[in-house]
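First the structure, in the form of structure tokens, and then the observations on it.
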Amino acid sequence: MADRVATITTGAAVSHVGRVRSQNQDSGYAGSALFVVADGMGGHAGGDIASAIAVRRIAETDGLDFATPQEAEFALQSAMLSANQEISAAVEDRPELTGMGTTVSALVRVGDVIATAHIGDSRIYLLRDGELSQITNDHTFVQRLVETGRITPEEAAVHPRRSVLMRVLGDIDQSPEIDTSVLGTVPGDRWMLCSDGLTSYVPHERILIAMSGPGTPVDAANALVLEALEHGAPDNVTAIVVDIDRPGSGPSAAQIVGSAASGLDPELAASSRQHNRLPALLLHPIRTSAPEASFQPESEDYLDALIKEDRKRLWKRRGIWLAAVALLVGAIVGAALLGYRYTQTRYYVGFDGGNVAIYQGVQSTIGPIRLSHVVEVTDVTRSELSPFTRSQIAETISTPSRAEADAVVANARTDGSG
């Protein structure tokens, strides 16, 4: 049996409704050794109830004395599957809740190891020696696209289907697949569990900064939620920070946050959901809500359809880019042609060798391109001109038309004959 006497696990949970949502569908639990975050989905179909059911059920395992980390891992998985059955039973009793579900990320400490269980796109992170690592993998279609190299993590962050979940607890799948793991932990480690209301809006480096502060888990959890709100987080935000044997730390009292702390009754919740939407619209008439999470069973057909959609979107972006480039090039070429045509309406008189000549265009070049050419070499020679006229023509005499250029030549011929 693992020795827990010398271990000190200090945790804190903070949850906020966000800047746009009218109700908090997240739930969180920070206990003596167990920590859980759940993010309800289904919009107004009961995501708050689903997350509350999951957290309350899993919280019942806190304080159990596990003989091995694998026993704790199995207990978390069993509690999550039990919560899945309770959510399905709630839907049977309340058909209006059909489609509700929840993500869950949970960890429990057993001596010097951590057992985790995870489903959905809530996350678990570990901060150790100044390095922040994501422990869980998101169960989303865009994550599958990232893992198979079809899109980049940067593209996934703004993908229109980023909220489509492949796995959740709910009334959709009676035997959902749950990821579990056993990981070592050392004194000084700081763990963090959060809903996607944090990770969808706060960059990795800002999460690292908020978690690296010298304060307590409460300070860090508050800093994370505040960071999300400062980034405009429209979704619910929940963060749970857990310290492992840090100097000066001590055990904390069990804490429940979010919808699990509200004593939610399904019948009352269904009624309240019908009345809470109008105030939200009045308070935030021009804000854009975060995309509602939705569930799509894991399916290669759906993945293939999503890939085809991405390809169409890529080709559409390329088409728009090429059209914009073509328009820009066309505008440049058009302006160049108009400019060139204008230069060809101008004339000037100068010398071509020893004779006076009439040039069409202007005395300029663009790279190797001359903007003028000789249209007539006259019989008036340089030598027969007066010094004054010779110097003027040497410097060229510009005219706005061919007729005026002819007049300049006529004057020069008169000057020479005189």
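FYI, nothing fancy with the structure tokens labels: chains A, B, ... in order, residues from 1 per chain, ligands from 1 as they appear.
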- Quick one: DSSP helix (DSSP H, G or I) residues in range 188-267 of chain A, as a PyMOL selection string? chain A and resi 196-199+204-211+217-230+259-261+266-267
- Task: Fewer than 4 positions away in the same chain doesn't count, so skip those; otherwise give me all residues within 12 Å of Ser200 in chain A, counting only C-alpha atoms, as a ChimeraX atom specification.
- Result: /A:121-123,138,153-154,156-159,162-163,194-196,204,207,227-229,231-237,290-291
- Message: Give me the residues near range 341-348 of chain A as a PyMOL selection string, where near means some atom within 10 Å (using only C-alpha atoms) and where sequence neighbours in that chain fewer than 2 positions away do not count.
- Response: chain A and resi 335-339+350+357-364+371-375+393+396-406+408
Go ahead and write the residues just picked, C-alpha atoms, as a PDB file, in the first residue's frame.
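So the final result, stored in part32.pdb, reads:
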```pdb
ATOM      1  CA  ALA A 335      -1.331  51.610 -64.828  1.00  0.00           C
ATOM      2  CA  ALA A 336       1.943  50.990 -66.663  1.00  0.00           C
ATOM      3  CA  LEU A 337       0.186  50.863 -70.023  1.00  0.00           C
ATOM      4  CA  LEU A 338      -1.757  54.041 -69.304  1.00  0.00           C
ATOM      5  CA  GLY A 339       1.469  55.735 -68.220  1.00  0.00           C
ATOM      6  CA  GLY A 350      17.144  67.055 -79.927  1.00  0.00           C
ATOM      7  CA  ALA A 357      15.683  65.100 -84.847  1.00  0.00           C
ATOM      8  CA  ILE A 358      12.130  64.829 -83.508  1.00  0.00           C
ATOM      9  CA  TYR A 359      11.572  62.278 -80.736  1.00  0.00           C
ATOM     10  CA  GLN A 360       8.244  60.814 -79.563  1.00  0.00           C
ATOM     11  CA  GLY A 361       7.962  60.143 -75.837  1.00  0.00           C
ATOM     12  CA  VAL A 362       9.845  61.484 -72.820  1.00  0.00           C
ATOM     13  CA  GLN A 363      13.536  61.455 -71.935  1.00  0.00           C
ATOM     14  CA  SER A 364      13.360  58.643 -69.350  1.00  0.00           C
ATOM     15  CA  LEU A 371      10.348  55.795 -73.164  1.00  0.00           C
ATOM     16  CA  SER A 372      11.193  57.673 -76.391  1.00  0.00           C
ATOM     17  CA  HIS A 373      12.216  56.972 -79.968  1.00  0.00           C
ATOM     18  CA  VAL A 374      13.170  58.974 -83.086  1.00  0.00           C
ATOM     19  CA  VAL A 375      10.260  59.651 -85.457  1.00  0.00           C
ATOM     20  CA  ILE A 393      18.466  71.706 -78.859  1.00  0.00           C
ATOM     21  CA  THR A 396      16.308  69.145 -75.848  1.00  0.00           C
ATOM     22  CA  ILE A 397      13.150  71.167 -76.245  1.00  0.00           C
ATOM     23  CA  SER A 398       9.994  69.434 -74.958  1.00  0.00           C
ATOM     24  CA  THR A 399       6.640  69.973 -76.704  1.00  0.00           C
ATOM     25  CA  PRO A 400       3.126  68.685 -75.978  1.00  0.00           C
ATOM     26  CA  SER A 401       2.434  67.728 -79.621  1.00  0.00           C
ATOM     27  CA  ARG A 402       4.032  66.777 -82.934  1.00  0.00           C
ATOM     28  CA  ALA A 403       2.863  70.001 -84.522  1.00  0.00           C
ATOM     29  CA  GLU A 404       4.735  72.072 -81.970  1.00  0.00           C
ATOM     30  CA  ALA A 405       7.830  69.903 -82.474  1.00  0.00           C
ATOM     31  CA  ASP A 406       7.629  70.597 -86.217  1.00  0.00           C
ATOM     32  CA  VAL A 408      10.605  74.120 -83.325  1.00  0.00           C
TER      33      VAL A 408
END
```
- Where does DSSP see strand (DSSP E or B) in range 6-164 of chain A, if you list the residues as a ChimeraX atom specification? /A:9-16,26-30,34-41,101-110,113-119,123-128,131-134,140,164
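Separating CA of Ala90 in chain A from CA of Thr61 in chain A is a distance of 21.3 Å.
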